[in-house]
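Dropping data.cif in here (mmCIF, N, CA and C atoms and all ligand atoms):
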data_my_file
#
loop_
_atom_site.label_atom_id
_atom_site.label_comp_id
_atom_site.auth_asym_id
_atom_site.auth_seq_id
_atom_site.Cartn_x
_atom_site.Cartn_y
_atom_site.Cartn_z
N MET A 963 0.84 -1.20 0.00
CA MET A 963 0.00 0.00 0.00
C MET A 963 0.87 1.25 0.00
N THR A 964 0.46 2.21 -0.77
CA THR A 964 1.22 3.44 -0.87
C THR A 964 0.71 4.46 0.14
N GLU A 965 1.64 4.99 0.87
CA GLU A 965 1.24 5.98 1.85
C GLU A 965 1.47 7.38 1.29
N LYS A 966 0.44 8.18 1.33
CA LYS A 966 0.57 9.55 0.84
C LYS A 966 0.73 10.49 2.02
N GLN A 967 1.66 11.42 1.86
CA GLN A 967 1.91 12.38 2.92
C GLN A 967 1.54 13.76 2.38
N HIS A 968 0.74 14.48 3.12
CA HIS A 968 0.34 15.82 2.67
C HIS A 968 0.91 16.88 3.58
N PHE A 969 1.26 18.01 2.98
CA PHE A 969 1.76 19.12 3.79
C PHE A 969 1.35 20.43 3.11
N THR A 970 0.73 21.31 3.85
CA THR A 970 0.33 22.59 3.28
C THR A 970 1.13 23.72 3.89
N LEU A 971 1.65 24.54 3.01
CA LEU A 971 2.45 25.70 3.42
C LEU A 971 1.73 26.93 2.87
N THR A 972 1.59 27.95 3.67
CA THR A 972 0.92 29.16 3.19
C THR A 972 1.66 30.41 3.62
N SER A 973 1.57 31.46 2.80
CA SER A 973 2.22 32.71 3.14
C SER A 973 1.36 33.51 4.11
N GLU A 974 0.12 33.02 4.30
CA GLU A 974 -0.79 33.72 5.21
C GLU A 974 -0.43 33.35 6.65
N CYS A 975 -0.52 34.31 7.54
CA CYS A 975 -0.19 34.04 8.94
C CYS A 975 -1.19 33.07 9.55
N VAL A 976 -0.68 32.04 10.22
CA VAL A 976 -1.57 31.06 10.86
C VAL A 976 -1.36 31.05 12.38
N CYS A 977 -0.75 32.13 12.89
CA CYS A 977 -0.52 32.20 14.33
C CYS A 977 -1.86 32.27 15.07
N THR A 978 -1.93 31.60 16.20
CA THR A 978 -3.16 31.60 17.00
C THR A 978 -2.92 32.33 18.31
N VAL A 979 -4.01 32.65 18.97
CA VAL A 979 -3.92 33.32 20.27
C VAL A 979 -3.97 32.26 21.35
N THR A 980 -3.02 32.29 22.27
CA THR A 980 -3.06 31.34 23.38
C THR A 980 -3.37 32.06 24.68
N ASP A 981 -4.12 31.40 25.52
CA ASP A 981 -4.48 31.95 26.82
C ASP A 981 -3.21 32.04 27.66
N GLN A 982 -2.94 33.24 28.21
CA GLN A 982 -1.72 33.46 28.98
C GLN A 982 -1.61 32.52 30.18
N GLU A 983 -2.76 32.21 30.80
CA GLU A 983 -2.72 31.40 32.01
C GLU A 983 -2.73 29.90 31.75
N THR A 984 -3.61 29.46 30.86
CA THR A 984 -3.73 28.01 30.64
C THR A 984 -2.78 27.52 29.55
N GLY A 985 -2.35 28.44 28.67
CA GLY A 985 -1.47 28.05 27.58
C GLY A 985 -2.22 27.38 26.45
N GLU A 986 -3.56 27.36 26.55
CA GLU A 986 -4.35 26.72 25.50
C GLU A 986 -4.76 27.72 24.42
N VAL A 987 -5.03 27.22 23.24
CA VAL A 987 -5.42 28.07 22.12
C VAL A 987 -6.83 28.61 22.37
N VAL A 988 -6.99 29.92 22.20
CA VAL A 988 -8.28 30.57 22.40
C VAL A 988 -9.14 30.36 21.17
N LEU A 989 -10.44 30.05 21.36
CA LEU A 989 -11.35 29.86 20.24
C LEU A 989 -12.21 31.10 20.03
N ASP A 990 -12.60 31.35 18.79
CA ASP A 990 -13.46 32.49 18.52
C ASP A 990 -14.93 32.09 18.65
N GLU A 991 -15.83 33.00 18.28
CA GLU A 991 -17.25 32.72 18.47
C GLU A 991 -17.78 31.58 17.60
N TYR A 992 -16.98 31.17 16.59
CA TYR A 992 -17.41 30.06 15.74
C TYR A 992 -16.77 28.74 16.18
N GLY A 993 -15.96 28.82 17.21
CA GLY A 993 -15.30 27.61 17.69
C GLY A 993 -14.02 27.30 16.95
N ASP A 994 -13.60 28.24 16.10
CA ASP A 994 -12.33 28.05 15.40
C ASP A 994 -11.20 28.67 16.22
N GLU A 995 -10.00 28.21 15.95
CA GLU A 995 -8.85 28.76 16.66
C GLU A 995 -8.71 30.24 16.30
N LYS A 996 -8.61 31.07 17.32
CA LYS A 996 -8.54 32.50 17.09
C LYS A 996 -7.18 32.90 16.53
N ARG A 997 -7.21 33.67 15.44
CA ARG A 997 -5.96 34.09 14.81
C ARG A 997 -5.37 35.31 15.50
N SER A 998 -4.07 35.30 15.61
CA SER A 998 -3.37 36.40 16.27
C SER A 998 -3.22 37.59 15.33
N ASP A 999 -3.25 38.80 15.89
CA ASP A 999 -3.03 40.00 15.09
C ASP A 999 -1.54 40.16 14.81
N TYR A 1000 -0.76 39.48 15.63
CA TYR A 1000 0.69 39.60 15.52
C TYR A 1000 1.27 38.27 15.03
N CYS A 1001 2.21 38.35 14.09
CA CYS A 1001 2.82 37.12 13.60
C CYS A 1001 4.07 36.78 14.40
N TYR A 1002 4.11 35.56 14.92
CA TYR A 1002 5.25 35.12 15.72
C TYR A 1002 6.28 34.38 14.88
N GLY A 1003 6.15 34.48 13.56
CA GLY A 1003 7.13 33.82 12.69
C GLY A 1003 6.70 32.44 12.25
N CYS A 1004 5.37 32.26 12.08
CA CYS A 1004 4.84 30.94 11.73
C CYS A 1004 5.37 30.44 10.39
N TYR A 1005 5.55 31.36 9.43
CA TYR A 1005 5.98 30.92 8.11
C TYR A 1005 7.36 30.26 8.16
N GLU A 1006 8.31 30.91 8.83
CA GLU A 1006 9.65 30.35 8.94
C GLU A 1006 9.60 28.99 9.64
N GLU A 1007 8.74 28.91 10.66
CA GLU A 1007 8.60 27.64 11.40
C GLU A 1007 8.07 26.54 10.50
N GLU A 1008 7.00 26.87 9.77
CA GLU A 1008 6.39 25.89 8.88
C GLU A 1008 7.35 25.49 7.76
N LEU A 1009 8.11 26.47 7.27
CA LEU A 1009 9.08 26.20 6.21
C LEU A 1009 10.15 25.21 6.70
N ASP A 1010 10.60 25.42 7.94
CA ASP A 1010 11.59 24.50 8.52
C ASP A 1010 11.02 23.10 8.62
N VAL A 1011 9.77 23.01 9.06
CA VAL A 1011 9.13 21.70 9.21
C VAL A 1011 9.00 21.03 7.84
N PHE A 1012 8.59 21.81 6.84
CA PHE A 1012 8.46 21.26 5.48
C PHE A 1012 9.81 20.74 4.99
N ASN A 1013 10.85 21.57 5.10
CA ASN A 1013 12.17 21.18 4.60
C ASN A 1013 12.69 19.92 5.30
N GLU A 1014 12.44 19.85 6.60
CA GLU A 1014 12.96 18.74 7.36
C GLU A 1014 12.20 17.44 7.16
N PHE A 1015 10.87 17.52 7.13
CA PHE A 1015 10.08 16.30 7.10
C PHE A 1015 9.56 15.90 5.72
N VAL A 1016 9.43 16.83 4.82
CA VAL A 1016 8.91 16.48 3.50
C VAL A 1016 10.03 16.53 2.45
N LEU A 1017 10.68 17.68 2.34
CA LEU A 1017 11.73 17.82 1.32
C LEU A 1017 12.88 16.83 1.55
N ASP A 1018 13.41 16.79 2.77
CA ASP A 1018 14.52 15.89 3.06
C ASP A 1018 14.12 14.44 2.86
N GLU A 1019 12.89 14.10 3.22
CA GLU A 1019 12.40 12.74 3.06
C GLU A 1019 12.34 12.37 1.58
N TRP A 1020 11.80 13.28 0.78
CA TRP A 1020 11.71 13.04 -0.67
C TRP A 1020 13.12 12.91 -1.27
N LEU A 1021 14.03 13.79 -0.87
CA LEU A 1021 15.40 13.74 -1.38
C LEU A 1021 16.08 12.43 -1.00
N ALA A 1022 15.88 12.00 0.24
CA ALA A 1022 16.49 10.75 0.70
C ALA A 1022 15.99 9.57 -0.13
N ARG A 1023 14.71 9.57 -0.45
CA ARG A 1023 14.14 8.47 -1.24
C ARG A 1023 14.70 8.46 -2.66
N ASN A 1024 15.24 9.60 -3.10
CA ASN A 1024 15.80 9.69 -4.45
C ASN A 1024 17.33 9.77 -4.42
N ASP A 1025 17.92 9.38 -3.30
CA ASP A 1025 19.38 9.44 -3.14
C ASP A 1025 19.92 10.82 -3.48
N ALA A 1026 19.25 11.84 -3.02
CA ALA A 1026 19.68 13.21 -3.32
C ALA A 1026 19.76 14.01 -2.03
N ASP A 1027 20.27 15.22 -2.12
CA ASP A 1027 20.30 16.10 -0.95
C ASP A 1027 19.90 17.52 -1.35
N ARG A 1028 19.98 18.45 -0.41
CA ARG A 1028 19.47 19.80 -0.68
C ARG A 1028 20.26 20.56 -1.74
N ASP A 1029 21.46 20.08 -2.08
CA ASP A 1029 22.24 20.73 -3.13
C ASP A 1029 22.00 20.12 -4.51
N THR A 1030 21.23 19.06 -4.56
CA THR A 1030 20.91 18.41 -5.84
C THR A 1030 20.06 19.34 -6.70
N ARG A 1031 20.32 19.35 -8.01
CA ARG A 1031 19.48 20.17 -8.89
C ARG A 1031 18.18 19.43 -9.18
N ILE A 1032 17.12 20.19 -9.10
CA ILE A 1032 15.80 19.61 -9.35
C ILE A 1032 15.08 20.44 -10.41
N ILE A 1033 14.07 19.83 -11.01
CA ILE A 1033 13.26 20.54 -11.99
C ILE A 1033 11.85 20.69 -11.42
N VAL A 1034 11.39 21.92 -11.39
CA VAL A 1034 10.05 22.20 -10.92
C VAL A 1034 9.25 22.58 -12.16
N SER A 1035 8.24 21.81 -12.51
CA SER A 1035 7.51 22.11 -13.74
C SER A 1035 6.00 22.11 -13.53
N SER A 1036 5.34 22.83 -14.41
CA SER A 1036 3.88 22.89 -14.36
C SER A 1036 3.33 22.92 -15.77
N GLU A 1037 2.19 22.29 -15.94
CA GLU A 1037 1.51 22.30 -17.23
C GLU A 1037 0.56 23.49 -17.34
N ALA A 1038 0.21 24.06 -16.21
CA ALA A 1038 -0.78 25.14 -16.21
C ALA A 1038 -0.63 26.02 -14.99
N MET A 1039 0.15 27.09 -15.15
CA MET A 1039 0.33 27.99 -14.01
C MET A 1039 0.00 29.44 -14.38
N ASN A 1040 -0.09 30.28 -13.38
CA ASN A 1040 -0.46 31.69 -13.52
C ASN A 1040 -1.89 31.83 -14.06
N TRP A 1041 -2.31 33.06 -14.25
CA TRP A 1041 -3.70 33.29 -14.64
C TRP A 1041 -3.99 32.77 -16.04
N ASP A 1042 -2.96 32.73 -16.90
CA ASP A 1042 -3.19 32.26 -18.27
C ASP A 1042 -2.86 30.78 -18.43
N ARG A 1043 -2.60 30.10 -17.31
CA ARG A 1043 -2.36 28.66 -17.29
C ARG A 1043 -1.33 28.21 -18.32
N VAL A 1044 -0.17 28.84 -18.28
CA VAL A 1044 0.90 28.48 -19.20
C VAL A 1044 1.75 27.36 -18.60
N ALA A 1045 2.47 26.65 -19.48
CA ALA A 1045 3.38 25.61 -19.02
C ALA A 1045 4.75 26.23 -18.81
N GLY A 1046 5.51 25.71 -17.87
CA GLY A 1046 6.84 26.23 -17.66
C GLY A 1046 7.60 25.36 -16.68
N TYR A 1047 8.91 25.59 -16.62
CA TYR A 1047 9.70 24.86 -15.64
C TYR A 1047 10.92 25.66 -15.22
N ALA A 1048 11.48 25.26 -14.10
CA ALA A 1048 12.70 25.90 -13.60
C ALA A 1048 13.61 24.82 -13.05
N SER A 1049 14.91 24.99 -13.29
CA SER A 1049 15.90 24.06 -12.73
C SER A 1049 16.60 24.79 -11.60
N VAL A 1050 16.43 24.31 -10.38
CA VAL A 1050 16.98 25.00 -9.21
C VAL A 1050 17.61 24.00 -8.25
N SER A 1051 18.25 24.54 -7.22
CA SER A 1051 18.80 23.71 -6.16
C SER A 1051 17.62 23.25 -5.29
N ALA A 1052 17.68 22.03 -4.81
CA ALA A 1052 16.57 21.49 -4.02
C ALA A 1052 16.20 22.38 -2.84
N LYS A 1053 17.20 23.01 -2.24
CA LYS A 1053 16.92 23.84 -1.06
C LYS A 1053 16.11 25.10 -1.42
N ASP A 1054 16.07 25.45 -2.70
CA ASP A 1054 15.33 26.64 -3.12
C ASP A 1054 13.92 26.33 -3.64
N LEU A 1055 13.46 25.11 -3.38
CA LEU A 1055 12.16 24.69 -3.91
C LEU A 1055 11.02 25.65 -3.55
N VAL A 1056 10.85 25.91 -2.27
CA VAL A 1056 9.72 26.75 -1.86
C VAL A 1056 9.87 28.17 -2.39
N GLU A 1057 11.10 28.68 -2.36
CA GLU A 1057 11.38 30.02 -2.87
C GLU A 1057 10.97 30.12 -4.35
N THR A 1058 11.21 29.04 -5.09
CA THR A 1058 10.87 29.00 -6.51
C THR A 1058 9.36 29.06 -6.73
N LEU A 1059 8.62 28.41 -5.85
CA LEU A 1059 7.17 28.34 -6.00
C LEU A 1059 6.44 29.52 -5.37
N ALA A 1060 7.10 30.21 -4.45
CA ALA A 1060 6.45 31.30 -3.73
C ALA A 1060 6.17 32.50 -4.64
N LEU A 1061 5.10 33.20 -4.36
CA LEU A 1061 4.72 34.38 -5.12
C LEU A 1061 4.82 35.59 -4.21
N ASP A 1062 4.66 36.77 -4.79
CA ASP A 1062 4.71 38.00 -3.99
C ASP A 1062 3.44 38.18 -3.17
N SER A 1063 2.33 37.72 -3.75
CA SER A 1063 1.05 37.90 -3.06
C SER A 1063 0.77 36.71 -2.15
N LEU A 1064 -0.43 36.65 -1.61
CA LEU A 1064 -0.81 35.52 -0.76
C LEU A 1064 -0.87 34.25 -1.58
N TRP A 1065 -0.37 33.18 -1.03
CA TRP A 1065 -0.40 31.90 -1.74
C TRP A 1065 -0.42 30.76 -0.75
N SER A 1066 -0.81 29.60 -1.25
CA SER A 1066 -0.68 28.40 -0.44
C SER A 1066 -0.18 27.28 -1.34
N LEU A 1067 0.57 26.39 -0.78
CA LEU A 1067 1.13 25.25 -1.52
C LEU A 1067 0.74 23.98 -0.80
N GLU A 1068 0.09 23.09 -1.53
CA GLU A 1068 -0.29 21.83 -0.94
C GLU A 1068 0.59 20.74 -1.55
N PHE A 1069 1.51 20.23 -0.76
CA PHE A 1069 2.45 19.22 -1.26
C PHE A 1069 1.92 17.82 -0.99
N THR A 1070 2.22 16.92 -1.92
CA THR A 1070 1.90 15.51 -1.71
C THR A 1070 3.15 14.70 -2.00
N LEU A 1071 3.55 13.91 -1.03
CA LEU A 1071 4.70 13.03 -1.21
C LEU A 1071 4.19 11.60 -1.24
N GLU A 1072 4.47 10.93 -2.36
CA GLU A 1072 4.04 9.55 -2.49
C GLU A 1072 5.19 8.75 -3.09
N GLU A 1073 5.72 7.85 -2.30
CA GLU A 1073 6.91 7.10 -2.67
C GLU A 1073 8.02 8.06 -3.11
N LYS A 1074 8.45 8.00 -4.38
CA LYS A 1074 9.56 8.87 -4.79
C LYS A 1074 9.06 10.14 -5.48
N THR A 1075 7.77 10.35 -5.47
CA THR A 1075 7.19 11.46 -6.23
C THR A 1075 6.70 12.59 -5.32
N LEU A 1076 7.10 13.81 -5.68
CA LEU A 1076 6.66 14.99 -4.93
C LEU A 1076 5.92 15.91 -5.89
N THR A 1077 4.69 16.23 -5.54
CA THR A 1077 3.91 17.15 -6.36
C THR A 1077 3.38 18.27 -5.47
N ALA A 1078 2.94 19.34 -6.09
CA ALA A 1078 2.41 20.47 -5.33
C ALA A 1078 1.28 21.13 -6.11
N VAL A 1079 0.33 21.67 -5.38
CA VAL A 1079 -0.73 22.46 -6.01
C VAL A 1079 -0.65 23.85 -5.38
N ARG A 1080 -0.50 24.86 -6.24
CA ARG A 1080 -0.38 26.22 -5.74
C ARG A 1080 -1.69 26.97 -5.95
N ARG A 1081 -2.13 27.63 -4.90
CA ARG A 1081 -3.34 28.46 -5.01
C ARG A 1081 -2.97 29.89 -4.66
N SER A 1082 -3.50 30.81 -5.45
CA SER A 1082 -3.24 32.23 -5.19
C SER A 1082 -4.38 33.02 -5.80
N HIS A 1083 -4.23 34.33 -5.76
CA HIS A 1083 -5.25 35.22 -6.32
C HIS A 1083 -5.55 34.86 -7.78
N ASP A 1084 -4.49 34.52 -8.53
CA ASP A 1084 -4.64 34.26 -9.95
C ASP A 1084 -4.80 32.79 -10.31
N GLU A 1085 -4.59 31.92 -9.32
CA GLU A 1085 -4.62 30.50 -9.62
C GLU A 1085 -5.59 29.75 -8.71
N LEU A 1086 -6.48 29.01 -9.35
CA LEU A 1086 -7.42 28.21 -8.56
C LEU A 1086 -6.73 26.93 -8.08
N GLY A 1087 -5.65 26.60 -8.73
CA GLY A 1087 -4.91 25.40 -8.37
C GLY A 1087 -3.97 25.04 -9.50
N ALA A 1088 -2.74 25.49 -9.40
CA ALA A 1088 -1.77 25.20 -10.45
C ALA A 1088 -0.96 23.97 -10.03
N PRO A 1089 -1.00 22.92 -10.86
CA PRO A 1089 -0.28 21.69 -10.49
C PRO A 1089 1.20 21.74 -10.84
N PHE A 1090 2.04 21.33 -9.90
CA PHE A 1090 3.49 21.30 -10.13
C PHE A 1090 4.02 19.90 -9.85
N VAL A 1091 5.02 19.51 -10.64
CA VAL A 1091 5.71 18.26 -10.39
C VAL A 1091 7.17 18.60 -10.09
N VAL A 1092 7.69 18.01 -9.03
CA VAL A 1092 9.07 18.25 -8.65
C VAL A 1092 9.85 16.97 -8.96
N ALA A 1093 10.94 17.10 -9.71
CA ALA A 1093 11.71 15.92 -10.09
C ALA A 1093 13.20 16.20 -10.00
N ILE A 1094 13.98 15.16 -9.82
CA ILE A 1094 15.43 15.30 -9.82
C ILE A 1094 15.85 15.64 -11.25
N ASP A 1095 16.75 16.64 -11.38
CA ASP A 1095 17.25 17.02 -12.69
C ASP A 1095 18.34 16.04 -13.09
N THR A 1096 18.01 15.13 -13.99
CA THR A 1096 18.97 14.07 -14.36
C THR A 1096 19.73 14.39 -15.65
N ARG A 1097 19.48 15.60 -16.19
CA ARG A 1097 20.16 15.95 -17.42
C ARG A 1097 21.67 16.10 -17.18
N GLU A 1098 22.44 15.90 -18.22
CA GLU A 1098 23.89 16.06 -18.11
C GLU A 1098 24.20 17.53 -17.89
N GLU A 1099 25.27 17.79 -17.16
CA GLU A 1099 25.68 19.18 -16.91
C GLU A 1099 26.01 19.89 -18.21
ZN ZN B 1101 2.13 34.14 11.94
#
What does the file become when written as structure tokens?
Amino acid sequence: MTEKQHFTLTSECVCTVTDQETGEVVLDEYGDEKRSDYCYGCYEEELDVFNEFVLDEWLARNDADRDTRIIVSSEAMNWDRVAGYASVSAKDLVETLALDSLWSLEFTLEEKTLTAVRRSHDELGAPFVVAIDTREE
């Protein structure tokens, strides 16, 4: 059986408010976790978690490391759904996919395959495939 691992990274702040005394997350009137007005650095934290548990895991399964060149490609990205690709260092994966505006990236790791779906103002869901760049130098 194939185990799929999902991880979502977003540029939007996901910091929550915790009760000073109990240390528990405060809920809003809808019962959802209350979002903080102040960002405590959630993006950097989430990025570290992604790199450590998803990216490194995928690289290990492909006998690669963060300095390995990878190809990030999409058949339909941006508002006009164009195809394109970039060859970058594995450690720059998220930087390559990140946009200036608000965005979210939903990664799926399945065996040796890493894919991502990017959502933003202009994209309802742009599919990306991440692969080891096996071309000759
Ligand atoms: Zn935050």
Strand (DSSP E) positions in stretch 971-1089 of chain A, given as a ChimeraX atom specification: /A:971-972,1031-1039,1044-1051,1065-1072,1075-1082,1088-1089
Mind working out the centre and edge lengths of an axis-aligned box for stretch 991-1004 of chain A, all listed atoms inside, 3 Å added to each side, rounded to one decimal in Å and written as JSON?
{"center_x": -5.3, "center_y": 33.7, "center_z": 14.4, "size_x": 30.9, "size_y": 18.9, "size_z": 14.1}
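The closest residue to ligand ZN 1101 (chain B), picked from A:Cys975, A:Val1091, A:Val1034, A:Val1011 and counting all atoms listed in the file, is A:Cys975.
Shortest atom-to-atom contact with A:Phe1015 among A:Ala1060, A:Leu1071, A:Ile1094, A:Ala1078: A:Leu1071, counting only C-alpha atoms.
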Please build the interface table for chain A against ligand ZN 1101 (chain B) with a cut-off of 8 Å, listing for each qualifying residue the nearest atom pair and the distance in Å to one decimal; count only N, CA and C atoms and all ligand atoms, order rows by chain and increasing number, and write it as CSV.
residue,atom,partner,partner_atom,distance
A:Ser973,C,B:ZN1101,ZN,7.9
A:Glu974,C,B:ZN1101,ZN,5.9
A:Cys975,CA,B:ZN1101,ZN,3.8
A:Val976,N,B:ZN1101,ZN,3.9
A:Cys977,N,B:ZN1101,ZN,3.6
A:Thr978,N,B:ZN1101,ZN,6.4
A:Ser998,C,B:ZN1101,ZN,7.2
A:Asp999,C,B:ZN1101,ZN,7.6
A:Tyr1000,C,B:ZN1101,ZN,5.2
A:Cys1001,CA,B:ZN1101,ZN,3.5
A:Tyr1002,N,B:ZN1101,ZN,3.8
A:Gly1003,N,B:ZN1101,ZN,4.3
A:Cys1004,N,B:ZN1101,ZN,3.7
A:Tyr1005,N,B:ZN1101,ZN,5.1
A:Glu1006,N,B:ZN1101,ZN,7.6
Distance query A:Thr972 at most 5 Å, only N, CA and C atoms, self and fewer than 2 positions along chain excluded, as a PyMOL selection string: chain A and resi 970+974+1065-1067
7 Å contact set for A:Phe1090, all atoms listed in the file, chain neighbours under 4 positions out, as an NGL selection string: :A and (1034-1037 or 1076-1080)
Nearest to A:Asn1013, chosen from A:Gly985, A:Asp990, A:Ala1045, A:Phe969, with only C-alpha atoms counted in the distances: A:Phe969
Distance query stretch 1029-1033 of chain A at most 7 Å, only C-alpha atoms, self and fewer than 2 positions along chain excluded, as a PyMOL selection string: chain A and resi 1026-1027+1035+1047-1053+1092-1095
